file input-v4.txt (compact mmCIF, C-alpha atoms)
# COMPACT_ATOMS: atom_id res chain seq x y z
CA MET A 170 121.32 116.45 104.67
CA ALA A 171 120.12 113.82 107.15
CA ARG A 172 122.51 112.69 109.81
CA PRO A 173 123.28 108.94 110.08
CA SER A 174 121.02 106.92 112.35
CA ARG A 175 122.13 106.56 115.92
CA ILE A 176 123.20 103.07 116.95
CA VAL A 177 120.30 101.55 118.86
CA PRO A 178 121.43 100.31 122.28
CA LEU A 179 120.95 96.64 122.96
CA LEU A 180 118.61 97.39 125.84
CA VAL A 181 116.35 99.47 123.60
CA LEU A 182 116.27 96.73 120.97
CA GLY A 183 115.20 94.33 123.69
CA ALA A 184 112.45 96.72 124.71
CA ALA A 185 111.37 97.07 121.09
CA ALA A 186 111.15 93.31 120.65
CA TYR A 187 109.13 93.10 123.87
CA SER A 188 106.81 95.88 122.65
CA ALA A 189 106.26 94.02 119.39
CA THR A 190 105.27 90.95 121.38
CA GLN A 191 102.63 92.94 123.25
CA LEU A 192 101.21 94.13 119.92
CA PHE A 193 100.90 90.50 118.87
CA ILE A 194 99.00 89.51 122.00
CA ALA A 195 96.69 92.54 121.91
CA PHE A 196 95.91 92.93 118.23
CA VAL A 197 96.75 89.93 116.06
CA GLY A 198 94.58 87.68 118.15
CA VAL A 199 96.05 84.34 116.96
CA PRO A 200 97.44 81.95 119.59
CA SER A 201 101.15 81.26 119.34
CA THR A 202 103.16 78.17 120.12
CA THR A 203 106.04 77.91 122.56
CA SER A 204 109.32 78.95 120.94
CA ALA A 205 112.66 80.47 121.82
CA GLN A 206 110.79 83.75 122.15
CA GLY A 207 107.93 82.24 124.12
CA SER A 208 108.98 83.81 127.39
CA HIS A 209 108.59 87.24 125.84
CA LEU A 210 104.99 86.43 124.92
CA ARG A 211 104.17 85.99 128.59
CA LEU A 212 105.50 89.36 129.69
CA GLN A 213 103.08 92.15 130.55
CA GLY A 214 103.13 95.96 130.39
CA LEU A 215 103.90 98.74 127.93
CA THR A 216 107.25 99.72 126.51
CA ALA A 217 108.29 102.79 124.58
CA VAL A 218 109.05 102.27 120.91
CA GLN A 219 112.43 103.42 119.64
CA ALA A 220 112.33 105.80 116.69
CA ARG A 221 114.63 105.20 113.74
CA GLY A 222 115.90 107.78 111.29
CA GLY A 223 118.42 110.53 110.90
CA GLY A 224 118.44 114.12 112.21
CA GLU A 225 115.13 114.52 113.95
CA TYR A 226 113.00 112.13 111.83
CA ASP A 227 114.76 112.15 108.45
CA VAL A 228 115.49 108.81 106.77
CA SER A 229 118.48 108.93 104.43
CA ASP A 230 119.44 106.51 101.67
CA ALA A 231 122.19 105.28 104.00
CA ASP A 232 119.59 104.60 106.70
CA ILE A 233 117.57 102.48 104.26
CA GLU A 234 120.63 100.55 103.13
CA ARG A 235 121.51 99.88 106.78
CA PHE A 236 117.95 98.76 107.52
CA TYR A 237 118.10 96.39 104.54
CA ALA A 238 121.49 94.99 105.58
CA GLU A 239 120.23 94.28 109.12
CA LEU A 240 117.12 92.59 107.70
CA THR A 241 118.96 90.39 105.19
CA ASN A 242 121.59 88.76 107.40
CA GLY A 243 119.54 85.60 107.82
CA VAL A 244 118.88 82.41 105.88
CA GLY A 245 115.48 83.15 104.35
CA GLY A 246 112.82 80.48 104.19
CA GLU A 247 109.48 80.78 105.94
CA PRO A 248 108.95 82.46 109.30
CA PRO A 249 108.45 79.84 112.00
CA LYS A 250 105.04 78.86 113.28
CA GLY A 251 104.05 81.00 116.25
CA ASN A 252 106.28 83.88 115.15
CA LEU A 253 104.58 87.29 115.23
CA VAL A 254 105.42 88.00 111.61
CA SER A 255 104.14 84.64 110.37
CA GLU A 256 100.80 85.24 112.10
CA MET A 257 100.51 88.66 110.47
CA ILE A 258 101.45 87.30 107.03
CA VAL A 259 98.71 84.68 107.29
CA LYS A 260 96.20 87.22 108.55
CA PHE A 261 96.80 89.80 105.83
CA PHE A 262 98.03 87.80 102.83
CA HIS A 263 96.34 84.39 102.97
CA GLY A 264 93.36 85.13 100.77
CA GLU A 265 92.41 86.80 97.51
CA PHE A 266 93.30 90.31 96.38
CA THR A 267 90.51 91.77 94.25
CA THR A 268 89.73 95.23 92.91
CA GLN A 269 87.16 95.47 95.71
CA GLY A 270 89.78 94.76 98.34
CA PHE A 271 91.39 91.83 100.13
CA LYS A 272 89.18 88.84 100.89
CA ARG A 273 90.71 86.97 103.79
CA TYR A 274 90.73 83.18 103.73
CA SER A 275 87.87 81.86 105.85
CA GLY A 276 88.23 78.10 105.42
CA LEU A 277 89.79 75.45 107.62
CA TRP A 278 93.44 76.02 108.45
CA LYS A 279 95.59 73.26 107.01
CA GLY A 280 98.04 73.10 109.93
CA PRO A 281 99.48 70.77 110.92
CA PRO A 282 97.47 70.01 112.89
CA PRO A 283 94.38 70.65 110.73
CA GLY A 284 92.25 73.47 112.08
CA ASN A 285 95.24 75.41 113.36
CA ILE A 286 97.58 77.79 111.56
CA GLY A 287 100.64 75.79 110.56
CA LYS A 288 103.42 75.58 108.01
CA LYS A 289 101.04 74.96 105.10
CA ASP A 290 99.06 78.12 105.88
CA ILE A 291 102.22 80.18 106.41
CA ALA A 292 103.53 79.03 103.01
CA VAL A 293 100.34 80.22 101.30
CA GLY A 294 100.41 83.58 103.10
CA LEU A 295 104.09 84.08 102.33
CA GLN A 296 103.52 83.41 98.64
CA GLY A 297 100.74 86.01 98.67
CA LEU A 298 103.07 88.53 100.32
CA LYS A 299 105.81 87.88 97.75
CA GLU A 300 103.38 88.38 94.87
CA GLN A 301 102.06 91.62 96.32
CA MET A 302 105.53 93.03 97.03
CA LYS A 303 106.48 92.31 93.42
CA ASN A 304 103.29 93.76 91.98
CA PRO A 305 101.20 95.43 94.71
CA MET A 306 97.53 95.90 94.01
CA PHE A 307 97.09 98.44 96.81
CA VAL A 308 99.83 100.95 97.68
CA THR A 309 99.68 103.47 100.53
CA LYS A 310 101.14 106.93 99.97
CA GLY A 311 104.18 107.89 102.02
CA GLY A 312 107.58 109.48 101.65
CA VAL A 313 108.56 113.15 101.92
CA GLY A 314 108.80 113.28 105.72
CA TYR A 315 107.10 112.75 109.05
CA GLY A 316 103.84 114.58 109.70
CA VAL A 317 103.51 116.13 106.24
CA ASP A 318 100.10 116.92 104.81
CA GLU A 319 98.45 114.02 103.00
CA SER A 320 98.47 116.02 99.77
CA GLN A 321 102.28 116.06 99.84
CA LYS A 322 102.71 112.30 100.14
CA VAL A 323 103.58 110.24 97.08
CA VAL A 324 102.82 106.73 95.83
CA ASP A 325 106.42 106.15 94.69
CA ASP A 326 109.37 108.21 95.89
CA GLY A 327 111.65 106.87 93.15
CA LYS A 328 114.12 105.28 95.60
CA GLY A 329 113.47 101.78 94.28
CA TRP A 330 112.23 100.09 97.46
CA VAL A 331 108.99 98.36 98.41
CA TRP A 332 108.05 98.29 102.09
CA LEU A 333 105.78 96.24 104.34
CA ALA A 334 104.84 98.44 107.29
CA ALA A 335 102.47 98.13 110.24
CA GLU A 336 100.30 100.83 111.73
CA MET A 337 97.63 101.05 114.39
CA SER A 338 94.11 101.42 113.02
CA PRO A 339 90.70 101.58 114.72
CA GLY A 340 90.46 97.81 114.27
CA GLY A 341 93.93 97.11 115.67
CA LEU A 342 97.30 96.52 114.08
CA SER A 343 97.18 96.50 110.27
CA VAL A 344 99.80 96.30 107.52
CA GLU A 345 100.34 98.27 104.33
CA LEU A 346 102.56 98.09 101.27
CA LEU A 347 104.40 101.24 100.22
CA THR A 348 106.84 102.19 97.48
CA SER A 349 107.88 105.28 99.43
CA VAL A 350 109.49 105.60 102.86
CA PRO A 351 106.87 104.74 105.53
CA TYR A 352 107.55 107.68 107.83
CA GLY A 353 106.04 107.25 111.28
CA LYS A 354 105.09 103.62 110.68
CA ARG A 355 106.56 100.33 111.93
CA ALA A 356 108.58 99.17 108.90
CA ILE A 357 108.76 95.36 109.00
CA LEU A 358 110.30 94.42 105.65
CA VAL A 359 111.90 96.27 102.76
CA ALA A 360 112.99 94.86 99.41
CA LYS A 361 114.40 96.18 96.17
CA GLN A 362 111.57 96.64 93.71
CA SER A 363 113.81 95.14 91.04
CA ASN A 364 114.72 92.07 93.12
CA VAL A 365 112.19 91.18 95.79
CA ASP A 366 113.37 87.56 95.83
CA GLU A 367 116.80 88.65 97.08
CA MET A 368 115.32 89.88 100.33
CA PHE A 369 113.25 86.74 100.90
CA ALA A 370 116.27 84.54 100.19
CA LYS A 371 118.25 86.17 103.03
CA VAL A 372 115.62 87.57 105.39
CA ASN A 373 116.21 87.33 109.13
CA TRP A 374 112.73 86.77 110.58
CA ASP A 375 113.88 87.60 114.11
CA GLN A 376 114.96 91.02 112.87
CA ALA A 377 111.66 91.45 111.05
CA THR A 378 109.85 90.73 114.31
CA THR A 379 112.01 93.25 116.16
CA ASN A 380 111.23 95.85 113.49
CA ILE A 381 107.55 95.81 114.45
CA GLY A 382 108.50 97.56 117.69
CA ILE A 383 110.48 100.32 115.96
CA THR A 384 109.08 103.51 114.46
CA LEU A 385 110.80 104.46 111.21
CA GLY A 386 111.29 108.21 110.78
CA GLY A 387 108.88 109.23 113.52
CA PRO A 388 108.63 110.02 117.25
CA HIS A 389 108.79 107.52 120.10
CA GLN A 390 105.47 105.83 120.74
CA THR A 391 104.11 103.51 123.35
CA ILE A 392 101.62 100.83 122.40
CA MET A 393 98.79 102.96 123.75
CA ASP A 394 99.99 106.04 121.87
CA GLY A 395 100.04 104.03 118.65
CA ARG A 396 96.32 103.36 118.66
call {"tool": "encode", "arguments": {"input": "input-v4.txt", "output": "C-alpha cells"}}
result
Amino acid sequence: MARPSRIVPLLVLGAAAYSATQLFIAFVGVPSTTSAQGSHLRLQGLTAVQARGGGEYDVSDADIERFYAELTNGVGGEPPKGNLVSEMIVKFFHGEFTTQGFKRYSGLWKGPPPGNIGKKDIAVGLQGLKEQMKNPMFVTKGGVGYGVDESQKVVDDGKGWVWLAAEMSPGGLSVELLTSVPYGKRAILVAKQSNVDEMFAKVNWDQATTNIGITLGGPHQTIMDGR
C-alpha cells in the first residue's frame, strides 16, 4: 500500500513555481504580460523539480484526492492573460481536433489588442480544453507505475479521472490528456470524468501553474533532465 504523500515544504513549492516559469520562457515561446508573477518570469537558472507521490513513486487514491482538493480551491473562470497555463491552453487547444491530429489555429489573434493573444483567444482555447477533457479524441497511455514497460500501460485505469499533463518532447514542452495516472509527468489539471465542469468551476489557476513544476509519481528532475 502506498504511503501518503509528504507535505511539500513552502520553499520547494516556490522552487517548483520558479522552475515552471523557466519552462514557459524556454519552450512555450509566447510573450507574457506583466502580472503579480511577472518578477518570476525574469529570474534565470535551473531548479530541481519536486516529485509527488507516495512510497517511492506510488500515487494512491488519497494522493489524487489531495491533488484535486489543492487544485479546486479557487474561483474558476479563465486563466489570466500572460499566465503560463493560459499560454499553453491557447497553444495546444485553440484549433481543430481531427482524426489526422490537432490543427493549431494559424489566424490573427483576437486579443485585445488584435494580433496578440488575449482574453478572446484564451476563451476559445479553454472551451477546446473542456471539450477534450469531457470527450478526448487522443488519449495517452499511463497508469500502473513509474518506469514500467510501455506494453503494461493502460488507456484507462478505471479510477475515474481525466488528466492534463505536460512532458518534455524533442520539440519542447507538450501536453497530453490521460485517463490513467500520468506517472513521471507534470500533471497540471485533473477532473472527474463524470463531472469535468466541477473542476473548471473551482480551479485555482495559480496552483495549476505551480503543478507544471512538479513531477507526479516520478523522480526529481531539473529542466535540463526533462528534455
call {"tool": "atom_distance", "arguments": {"input": "input-v4.txt", "atom1": "CA of Ser255 in chain A", "atom2": "CA of Leu385 in chain A"}}
result
20.9 Å
call {"tool": "residues_around", "arguments": {"input": "input-v4.txt", "residues": "range 375-378 of chain A", "least_positions_apart": "4", "cutoff": "9 Å", "atoms": "only C-alpha atoms", "output": "VMD selection string"}}
result
chain A and resid 186 189 to 190 239 to 243 248 252 to 254 356 to 358 382
call {"tool": "closest_atom_pairs", "arguments": {"input": "input-v4.txt", "of": "range 256-299 of chain A", "to": "range 305-311 of chain A", "cutoff": "9 Å", "atoms": "only C-alpha atoms", "output": "tab-separated table"}}
result
residue	atom	partner	partner_atom	distance
A:Phe266	CA	A:Met306	CA	7.4
A:Thr267	CA	A:Met306	CA	8.1
A:Thr268	CA	A:Met306	CA	7.9
A:Gly270	CA	A:Phe307	CA	8.3
call {"tool": "write_last_selection", "arguments": {"input": "input-v4.txt", "atoms": "C-alpha atoms", "output": "PDB file, in the frame of the given file"}}
result
ATOM      1  CA  PHE A 266      93.300  90.310  96.380  1.00  0.00           C
ATOM      2  CA  THR A 267      90.510  91.770  94.250  1.00  0.00           C
ATOM      3  CA  THR A 268      89.730  95.230  92.910  1.00  0.00           C
ATOM      4  CA  GLY A 270      89.780  94.760  98.340  1.00  0.00           C
TER       5      GLY A 270
END
call {"tool": "atom_distance", "arguments": {"input": "input-v4.txt", "atom1": "CA of Val228 in chain A", "atom2": "CA of Arg355 in chain A"}}
result
13.4 Å
call {"tool": "residues_around", "arguments": {"input": "input-v4.txt", "residues": "range 312-326 of chain A", "least_positions_apart": "2", "cutoff": "6 Å", "atoms": "all atoms listed in the file", "output": "PyMOL selection string"}}
result
chain A and resi 310+328+348-350+352+387
call {"tool": "closest_residue", "arguments": {"input": "input-v4.txt", "among": "A:Glu256, A:Glu345, A:Asp227, A:Glu265", "to": "Gly287 in chain A", "atoms": "all atoms listed in the file"}}
result
A:Glu256
call {"tool": "atom_distance", "arguments": {"input": "input-v4.txt", "atom1": "CA of Ala292 in chain A", "atom2": "CA of Val365 in chain A"}}
result
16.6 Å
call {"tool": "residues_around", "arguments": {"input": "input-v4.txt", "residues": "Gly294 in chain A", "least_positions_apart": "6", "cutoff": "7 Å", "atoms": "all atoms listed in the file", "output": "PyMOL selection string"}}
result
chain A and resi 258-259+262-263
call {"tool": "closest_residue", "arguments": {"input": "input-v4.txt", "among": "A:Met257, A:Glu336, A:Gly276, A:Ile233", "to": "Val359 in chain A", "atoms": "only C-alpha atoms"}}
result
A:Ile233
call {"tool": "residues_around", "arguments": {"input": "input-v4.txt", "residues": "Gly245 in chain A", "least_positions_apart": "6", "cutoff": "8 Å", "atoms": "all atoms listed in the file", "output": "mmCIF file with C-alpha atoms, in the coordinates of the input"}}
result
data_model
loop_
_atom_site.group_PDB
_atom_site.id
_atom_site.type_symbol
_atom_site.label_atom_id
_atom_site.label_comp_id
_atom_site.auth_asym_id
_atom_site.auth_seq_id
_atom_site.Cartn_x
_atom_site.Cartn_y
_atom_site.Cartn_z
ATOM 1 C CA MET A 368 115.320 89.880 100.330
ATOM 2 C CA PHE A 369 113.250 86.740 100.900
ATOM 3 C CA ALA A 370 116.270 84.540 100.190
ATOM 4 C CA LYS A 371 118.250 86.170 103.030
ATOM 5 C CA VAL A 372 115.620 87.570 105.390
ATOM 6 C CA ASN A 373 116.210 87.330 109.130
ATOM 7 C CA TRP A 374 112.730 86.770 110.580
#
call {"tool": "closest_residue", "arguments": {"input": "input-v4.txt", "among": "A:Pro339, A:Glu367, A:Phe271, A:Arg235", "to": "Gly297 in chain A", "atoms": "all atoms listed in the file"}}
result
A:Phe271
call {"tool": "build_atoms", "arguments": {"input": "input-v4.txt", "residues": "range 363-381 of chain A", "atoms": "N, CA, C and O atoms", "output": "PDB file, in the coordinates of the input"}}
result
ATOM      1  N   SER A 363     113.270  95.890  92.176  1.00  0.00           N
ATOM      2  CA  SER A 363     113.810  95.140  91.040  1.00  0.00           C
ATOM      3  C   SER A 363     114.227  93.721  91.397  1.00  0.00           C
ATOM      4  O   SER A 363     114.513  92.912  90.513  1.00  0.00           O
ATOM      5  N   ASN A 364     114.258  93.396  92.700  1.00  0.00           N
ATOM      6  CA  ASN A 364     114.720  92.070  93.120  1.00  0.00           C
ATOM      7  C   ASN A 364     114.157  91.714  94.488  1.00  0.00           C
ATOM      8  O   ASN A 364     114.885  91.600  95.475  1.00  0.00           O
ATOM      9  N   VAL A 365     112.852  91.519  94.539  1.00  0.00           N
ATOM     10  CA  VAL A 365     112.190  91.180  95.790  1.00  0.00           C
ATOM     11  C   VAL A 365     112.678  89.833  96.326  1.00  0.00           C
ATOM     12  O   VAL A 365     112.842  89.634  97.534  1.00  0.00           O
ATOM     13  N   ASP A 366     112.947  88.901  95.416  1.00  0.00           N
ATOM     14  CA  ASP A 366     113.370  87.560  95.830  1.00  0.00           C
ATOM     15  C   ASP A 366     114.675  87.594  96.628  1.00  0.00           C
ATOM     16  O   ASP A 366     114.896  86.728  97.489  1.00  0.00           O
ATOM     17  N   GLU A 367     115.540  88.555  96.354  1.00  0.00           N
ATOM     18  CA  GLU A 367     116.800  88.650  97.080  1.00  0.00           C
ATOM     19  C   GLU A 367     116.559  88.819  98.576  1.00  0.00           C
ATOM     20  O   GLU A 367     117.232  88.184  99.401  1.00  0.00           O
ATOM     21  N   MET A 368     115.610  89.661  98.922  1.00  0.00           N
ATOM     22  CA  MET A 368     115.320  89.880 100.330  1.00  0.00           C
ATOM     23  C   MET A 368     114.776  88.607 100.977  1.00  0.00           C
ATOM     24  O   MET A 368     115.218  88.200 102.050  1.00  0.00           O
ATOM     25  N   PHE A 369     113.841  87.939 100.313  1.00  0.00           N
ATOM     26  CA  PHE A 369     113.250  86.740 100.900  1.00  0.00           C
ATOM     27  C   PHE A 369     114.254  85.593 100.998  1.00  0.00           C
ATOM     28  O   PHE A 369     114.108  84.711 101.850  1.00  0.00           O
ATOM     29  N   ALA A 370     115.259  85.594 100.143  1.00  0.00           N
ATOM     30  CA  ALA A 370     116.270  84.540 100.190  1.00  0.00           C
ATOM     31  C   ALA A 370     117.202  84.692 101.382  1.00  0.00           C
ATOM     32  O   ALA A 370     117.821  83.717 101.832  1.00  0.00           O
ATOM     33  N   LYS A 371     117.297  85.916 101.945  1.00  0.00           N
ATOM     34  CA  LYS A 371     118.250  86.170 103.030  1.00  0.00           C
ATOM     35  C   LYS A 371     117.607  86.807 104.259  1.00  0.00           C
ATOM     36  O   LYS A 371     118.315  87.227 105.175  1.00  0.00           O
ATOM     37  N   VAL A 372     116.283  86.858 104.302  1.00  0.00           N
ATOM     38  CA  VAL A 372     115.620  87.570 105.390  1.00  0.00           C
ATOM     39  C   VAL A 372     115.887  86.918 106.741  1.00  0.00           C
ATOM     40  O   VAL A 372     115.956  85.696 106.868  1.00  0.00           O
ATOM     41  N   ASN A 373     116.072  87.755 107.740  1.00  0.00           N
ATOM     42  CA  ASN A 373     116.210  87.330 109.130  1.00  0.00           C
ATOM     43  C   ASN A 373     114.861  87.612 109.801  1.00  0.00           C
ATOM     44  O   ASN A 373     114.518  88.770 110.075  1.00  0.00           O
ATOM     45  N   TRP A 374     114.084  86.569 110.060  1.00  0.00           N
ATOM     46  CA  TRP A 374     112.730  86.770 110.580  1.00  0.00           C
ATOM     47  C   TRP A 374     112.740  87.303 112.009  1.00  0.00           C
ATOM     48  O   TRP A 374     111.796  87.985 112.429  1.00  0.00           O
ATOM     49  N   ASP A 375     113.781  87.014 112.772  1.00  0.00           N
ATOM     50  CA  ASP A 375     113.880  87.600 114.110  1.00  0.00           C
ATOM     51  C   ASP A 375     114.017  89.112 114.020  1.00  0.00           C
ATOM     52  O   ASP A 375     113.413  89.857 114.807  1.00  0.00           O
ATOM     53  N   GLN A 376     114.809  89.579 113.064  1.00  0.00           N
ATOM     54  CA  GLN A 376     114.960  91.020 112.870  1.00  0.00           C
ATOM     55  C   GLN A 376     113.656  91.643 112.404  1.00  0.00           C
ATOM     56  O   GLN A 376     113.276  92.729 112.847  1.00  0.00           O
ATOM     57  N   ALA A 377     112.947  90.950 111.514  1.00  0.00           N
ATOM     58  CA  ALA A 377     111.660  91.450 111.050  1.00  0.00           C
ATOM     59  C   ALA A 377     110.685  91.611 112.206  1.00  0.00           C
ATOM     60  O   ALA A 377     109.933  92.592 112.284  1.00  0.00           O
ATOM     61  N   THR A 378     110.712  90.653 113.135  1.00  0.00           N
ATOM     62  CA  THR A 378     109.850  90.730 114.310  1.00  0.00           C
ATOM     63  C   THR A 378     110.234  91.922 115.185  1.00  0.00           C
ATOM     64  O   THR A 378     109.372  92.669 115.663  1.00  0.00           O
ATOM     65  N   THR A 379     111.524  92.117 115.388  1.00  0.00           N
ATOM     66  CA  THR A 379     112.010  93.250 116.160  1.00  0.00           C
ATOM     67  C   THR A 379     111.571  94.564 115.521  1.00  0.00           C
ATOM     68  O   THR A 379     111.213  95.532 116.224  1.00  0.00           O
ATOM     69  N   ASN A 380     111.575  94.617 114.202  1.00  0.00           N
ATOM     70  CA  ASN A 380     111.230  95.850 113.490  1.00  0.00           C
ATOM     71  C   ASN A 380     109.810  96.331 113.787  1.00  0.00           C
ATOM     72  O   ASN A 380     109.521  97.531 113.676  1.00  0.00           O
ATOM     73  N   ILE A 381     108.928  95.416 114.167  1.00  0.00           N
ATOM     74  CA  ILE A 381     107.550  95.810 114.450  1.00  0.00           C
ATOM     75  C   ILE A 381     107.497  96.768 115.637  1.00  0.00           C
ATOM     76  O   ILE A 381     106.596  97.596 115.749  1.00  0.00           O
TER      77      ILE A 381
END
